[in-house]
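Below: protein_19.pdb (PDB, C-alpha atoms, pLDDT in the B column)
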```
ATOM      1  CA  MET S   1      63.756  42.675  50.250  1.00 87.00           C
ATOM      2  CA  ALA S   2      67.315  43.965  50.051  1.00 90.00           C
ATOM      3  CA  ASN S   3      67.856  47.500  48.802  1.00 95.00           C
ATOM      4  CA  ILE S   4      69.666  48.025  45.510  1.00 97.00           C
ATOM      5  CA  TYR S   5      72.700  50.282  45.799  1.00 97.00           C
ATOM      6  CA  THR S   6      74.367  51.871  42.797  1.00 97.00           C
ATOM      7  CA  THR S   7      77.171  54.310  42.129  1.00 96.00           C
ATOM      8  CA  GLU S   8      74.512  57.037  42.074  1.00 97.00           C
ATOM      9  CA  ASN S   9      72.886  56.337  45.463  1.00 98.00           C
ATOM     10  CA  PHE S  10      75.714  54.660  47.425  1.00 98.00           C
ATOM     11  CA  GLU S  11      76.951  57.766  49.213  1.00 97.00           C
ATOM     12  CA  GLN S  12      73.488  58.814  50.379  1.00 97.00           C
ATOM     13  CA  GLU S  13      72.117  55.348  51.205  1.00 97.00           C
ATOM     14  CA  VAL S  14      75.254  53.736  52.668  1.00 98.00           C
ATOM     15  CA  LEU S  15      77.981  56.217  53.566  1.00 98.00           C
ATOM     16  CA  LYS S  16      75.607  58.822  55.033  1.00 98.00           C
ATOM     17  CA  SER S  17      73.244  56.317  56.657  1.00 97.00           C
ATOM     18  CA  ASP S  18      72.463  56.908  60.328  1.00 97.00           C
ATOM     19  CA  VAL S  19      72.183  53.129  60.866  1.00 97.00           C
ATOM     20  CA  PRO S  20      74.662  50.345  60.009  1.00 97.00           C
ATOM     21  CA  VAL S  21      74.430  49.026  56.448  1.00 98.00           C
ATOM     22  CA  LEU S  22      75.308  45.493  55.337  1.00 98.00           C
ATOM     23  CA  VAL S  23      76.175  45.482  51.629  1.00 98.00           C
ATOM     24  CA  ASP S  24      76.381  42.348  49.474  1.00 98.00           C
ATOM     25  CA  PHE S  25      78.585  42.726  46.379  1.00 98.00           C
ATOM     26  CA  TRP S  26      77.371  40.201  43.790  1.00 98.00           C
ATOM     27  CA  ALA S  27      76.809  39.443  40.074  1.00 98.00           C
ATOM     28  CA  GLU S  28      74.119  37.646  38.029  1.00 96.00           C
ATOM     29  CA  TRP S  29      76.556  35.030  36.683  1.00 97.00           C
ATOM     30  CA  CYS S  30      77.990  34.111  40.100  1.00 97.00           C
ATOM     31  CA  GLY S  31      76.859  30.675  41.341  1.00 97.00           C
ATOM     32  CA  PRO S  32      77.718  31.257  45.009  1.00 97.00           C
ATOM     33  CA  CYS S  33      75.923  34.629  44.822  1.00 97.00           C
ATOM     34  CA  LYS S  34      72.756  32.835  43.682  1.00 96.00           C
ATOM     35  CA  MET S  35      73.114  30.396  46.596  1.00 97.00           C
ATOM     36  CA  PHE S  36      73.513  33.353  48.990  1.00 97.00           C
ATOM     37  CA  LEU S  37      70.504  35.273  47.606  1.00 96.00           C
ATOM     38  CA  PRO S  38      67.785  33.612  49.755  1.00 96.00           C
ATOM     39  CA  THR S  39      69.830  34.205  52.916  1.00 97.00           C
ATOM     40  CA  ILE S  40      70.491  37.870  52.164  1.00 96.00           C
ATOM     41  CA  GLU S  41      66.832  38.485  51.218  1.00 96.00           C
ATOM     42  CA  LYS S  42      65.562  36.778  54.392  1.00 95.00           C
ATOM     43  CA  PHE S  43      68.081  38.734  56.469  1.00 95.00           C
ATOM     44  CA  ALA S  44      66.897  41.979  54.855  1.00 95.00           C
ATOM     45  CA  GLU S  45      63.303  41.182  55.861  1.00 95.00           C
ATOM     46  CA  THR S  46      64.353  40.960  59.519  1.00 91.00           C
ATOM     47  CA  ALA S  47      66.395  44.182  59.419  1.00 90.00           C
ATOM     48  CA  ASN S  48      65.704  46.237  62.520  1.00 93.00           C
ATOM     49  CA  GLY S  49      68.074  49.090  63.289  1.00 95.00           C
ATOM     50  CA  PHE S  50      70.181  48.410  60.216  1.00 97.00           C
ATOM     51  CA  LYS S  51      69.837  48.232  56.419  1.00 97.00           C
ATOM     52  CA  VAL S  52      70.686  45.473  53.966  1.00 97.00           C
ATOM     53  CA  GLY S  53      71.482  46.077  50.320  1.00 97.00           C
ATOM     54  CA  LYS S  54      73.149  44.716  47.239  1.00 98.00           C
ATOM     55  CA  VAL S  55      75.615  46.091  44.691  1.00 98.00           C
ATOM     56  CA  ASN S  56      75.798  44.400  41.288  1.00 98.00           C
ATOM     57  CA  VAL S  57      79.532  44.557  40.532  1.00 98.00           C
ATOM     58  CA  ASP S  58      78.973  44.328  36.760  1.00 97.00           C
ATOM     59  CA  ASP S  59      76.699  47.386  36.770  1.00 97.00           C
ATOM     60  CA  ASN S  60      78.737  49.299  39.364  1.00 97.00           C
ATOM     61  CA  GLN S  61      82.378  48.519  38.602  1.00 97.00           C
ATOM     62  CA  ALA S  62      83.605  51.785  40.124  1.00 97.00           C
ATOM     63  CA  LEU S  63      82.187  50.785  43.526  1.00 97.00           C
ATOM     64  CA  ALA S  64      83.708  47.310  43.291  1.00 97.00           C
ATOM     65  CA  GLU S  65      87.085  48.846  42.477  1.00 97.00           C
ATOM     66  CA  ARG S  66      86.764  51.492  45.185  1.00 97.00           C
ATOM     67  CA  TYR S  67      86.286  48.827  47.853  1.00 97.00           C
ATOM     68  CA  GLY S  68      88.753  46.316  46.421  1.00 96.00           C
ATOM     69  CA  ILE S  69      86.190  43.634  45.665  1.00 97.00           C
ATOM     70  CA  MET S  70      88.147  40.753  44.107  1.00 95.00           C
ATOM     71  CA  THR S  71      85.874  37.828  44.959  1.00 96.00           C
ATOM     72  CA  ILE S  72      82.091  37.657  45.107  1.00 98.00           C
ATOM     73  CA  PRO S  73      79.983  37.402  47.056  1.00 98.00           C
ATOM     74  CA  THR S  74      81.680  39.823  49.431  1.00 98.00           C
ATOM     75  CA  VAL S  75      79.800  41.421  52.320  1.00 98.00           C
ATOM     76  CA  LEU S  76      80.909  44.731  53.822  1.00 98.00           C
ATOM     77  CA  VAL S  77      79.391  46.391  56.876  1.00 98.00           C
ATOM     78  CA  PHE S  78      79.450  50.184  56.963  1.00 98.00           C
ATOM     79  CA  LYS S  79      78.947  52.239  60.124  1.00 98.00           C
ATOM     80  CA  ASN S  80      79.212  56.025  59.942  1.00 97.00           C
ATOM     81  CA  GLY S  81      80.636  55.732  56.424  1.00 96.00           C
ATOM     82  CA  GLU S  82      83.460  53.389  57.485  1.00 97.00           C
ATOM     83  CA  ILE S  83      83.896  49.668  56.852  1.00 97.00           C
ATOM     84  CA  THR S  84      83.728  47.877  60.201  1.00 98.00           C
ATOM     85  CA  ALA S  85      83.559  44.257  59.030  1.00 98.00           C
ATOM     86  CA  SER S  86      83.839  42.158  55.897  1.00 97.00           C
ATOM     87  CA  ALA S  87      83.415  38.562  54.771  1.00 98.00           C
ATOM     88  CA  VAL S  88      84.006  36.729  51.497  1.00 97.00           C
ATOM     89  CA  GLY S  89      81.831  33.856  50.315  1.00 97.00           C
ATOM     90  CA  VAL S  90      78.414  32.552  51.249  1.00 97.00           C
ATOM     91  CA  GLN S  91      77.471  33.460  54.833  1.00 97.00           C
ATOM     92  CA  THR S  92      74.789  32.199  57.220  1.00 97.00           C
ATOM     93  CA  GLU S  93      72.333  34.505  58.963  1.00 95.00           C
ATOM     94  CA  GLU S  94      74.289  33.977  62.183  1.00 96.00           C
ATOM     95  CA  GLN S  95      77.510  35.043  60.461  1.00 97.00           C
ATOM     96  CA  LEU S  96      75.779  38.152  59.094  1.00 97.00           C
ATOM     97  CA  LYS S  97      74.525  39.039  62.583  1.00 95.00           C
ATOM     98  CA  ALA S  98      78.073  38.626  63.930  1.00 96.00           C
ATOM     99  CA  LEU S  99      79.432  40.968  61.236  1.00 96.00           C
ATOM    100  CA  LEU S 100      76.916  43.637  62.204  1.00 95.00           C
ATOM    101  CA  ALA S 101      77.876  43.271  65.867  1.00 93.00           C
ATOM    102  CA  LYS S 102      81.520  44.198  65.143  1.00 89.00           C
TER     103      LYS S 102
END
```

Please rewrite the model in this file as structure tokens.
Amino acid sequence: MANIYTTENFEQEVLKSDVPVLVDFWAEWCGPCKMFLPTIEKFAETANGFKVGKVNVDDNQALAERYGIMTIPTVLVFKNGEITASAVGVQTEEQLKALLAK
């Protein structure tokens, strides 16, 4: 299951993580986000050497603004506190793996 990241735990769980972190920015009302949910959850179950988590943009607007999230779902990959890859829209597991490889 994907981790839940919030304004309160984002720095510790994502920015200070010693492994890459793939973060899905989403919202309850977002149709494409609901379509993407099974993929992100399955991907999280296979996580080995990286973490997978989600940020609800409605509950964490400051994070969405901080990272310029204009469209959801948006996936950002963080390594050593820096964004190394991003993608907008529903992604496949293969696309998520490719983002982590960047």

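Shortest separation to Glu28 of chain S among S:Val90, S:Met70, S:Val55, S:Ala85 occurs at residue S:Val55, atoms counted being all atoms listed in the file.
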
Polymer residues at most 10 Å from Val14 of chain S, only C-alpha atoms, same-chain spacing of 3 or more positions, as a PyMOL selection string: chain S and resi 5+9-11+17-23+51-53+77-82

Only C-alpha atoms, please: the residues just picked out, written as a PDB file, keeping the file's coordinate frame.
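Written output follows (part_20.pdb):
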```pdb
ATOM      1  CA  TYR S   5      72.700  50.282  45.799  1.00 97.00           C
ATOM      2  CA  ASN S   9      72.886  56.337  45.463  1.00 98.00           C
ATOM      3  CA  PHE S  10      75.714  54.660  47.425  1.00 98.00           C
ATOM      4  CA  GLU S  11      76.951  57.766  49.213  1.00 97.00           C
ATOM      5  CA  SER S  17      73.244  56.317  56.657  1.00 97.00           C
ATOM      6  CA  ASP S  18      72.463  56.908  60.328  1.00 97.00           C
ATOM      7  CA  VAL S  19      72.183  53.129  60.866  1.00 97.00           C
ATOM      8  CA  PRO S  20      74.662  50.345  60.009  1.00 97.00           C
ATOM      9  CA  VAL S  21      74.430  49.026  56.448  1.00 98.00           C
ATOM     10  CA  LEU S  22      75.308  45.493  55.337  1.00 98.00           C
ATOM     11  CA  VAL S  23      76.175  45.482  51.629  1.00 98.00           C
ATOM     12  CA  LYS S  51      69.837  48.232  56.419  1.00 97.00           C
ATOM     13  CA  VAL S  52      70.686  45.473  53.966  1.00 97.00           C
ATOM     14  CA  GLY S  53      71.482  46.077  50.320  1.00 97.00           C
ATOM     15  CA  VAL S  77      79.391  46.391  56.876  1.00 98.00           C
ATOM     16  CA  PHE S  78      79.450  50.184  56.963  1.00 98.00           C
ATOM     17  CA  LYS S  79      78.947  52.239  60.124  1.00 98.00           C
ATOM     18  CA  ASN S  80      79.212  56.025  59.942  1.00 97.00           C
ATOM     19  CA  GLY S  81      80.636  55.732  56.424  1.00 96.00           C
ATOM     20  CA  GLU S  82      83.460  53.389  57.485  1.00 97.00           C
TER      21      GLU S  82
END
```

Among listed residues S:Glu65, S:Glu8, S:Glu93, S:Glu13, nearest Ala47 of chain S (using all atoms listed in the file): S:Glu93

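Interatomic distance, atom CA of Cys30 of chain S against atom CA of Asn48 of chain S: 28.3 Å.
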
Could you give me the centre and size, in Å to one decimal, of an axis-aligned box around all listed atoms of segment 35-54 of chain S with 3 Å added on every side, as JSON?
```
{"center_x": 68.4, "center_y": 39.7, "center_z": 54.9, "size_x": 16.2, "size_y": 24.7, "size_z": 22.7}
```

Nearby residues, (68.5, 39.6, 57.6) file frame, 12 Å, all atoms listed in the file, as number ranges by chain: S: 1-3, 21-24, 36-53, 91-100

Pairwise distance for atom CA of Ala62 of chain S and atom CA of Met35 of chain S, rounded to one decimal in Å: 24.7 Å

Residues within 9 Å of Trp26 of chain S, all atoms listed in the file, excluding chain neighbours under 2 positions, as a ChimeraX atom specification: /S:24,28-30,33-34,54-58,71-75

Would you save the residues of that selection, restricted to C-alpha atoms, as a PDB file, in the coordinates of the input?
```pdb
ATOM      1  CA  ASP S  24      76.381  42.348  49.474  1.00 98.00           C
ATOM      2  CA  GLU S  28      74.119  37.646  38.029  1.00 96.00           C
ATOM      3  CA  TRP S  29      76.556  35.030  36.683  1.00 97.00           C
ATOM      4  CA  CYS S  30      77.990  34.111  40.100  1.00 97.00           C
ATOM      5  CA  CYS S  33      75.923  34.629  44.822  1.00 97.00           C
ATOM      6  CA  LYS S  34      72.756  32.835  43.682  1.00 96.00           C
ATOM      7  CA  LYS S  54      73.149  44.716  47.239  1.00 98.00           C
ATOM      8  CA  VAL S  55      75.615  46.091  44.691  1.00 98.00           C
ATOM      9  CA  ASN S  56      75.798  44.400  41.288  1.00 98.00           C
ATOM     10  CA  VAL S  57      79.532  44.557  40.532  1.00 98.00           C
ATOM     11  CA  ASP S  58      78.973  44.328  36.760  1.00 97.00           C
ATOM     12  CA  THR S  71      85.874  37.828  44.959  1.00 96.00           C
ATOM     13  CA  ILE S  72      82.091  37.657  45.107  1.00 98.00           C
ATOM     14  CA  PRO S  73      79.983  37.402  47.056  1.00 98.00           C
ATOM     15  CA  THR S  74      81.680  39.823  49.431  1.00 98.00           C
ATOM     16  CA  VAL S  75      79.800  41.421  52.320  1.00 98.00           C
TER      17      VAL S  75
END
```

Atom-to-atom span, atom CA of Gly89 of chain S and atom CA of Pro32 of chain S, Å: 7.2 Å
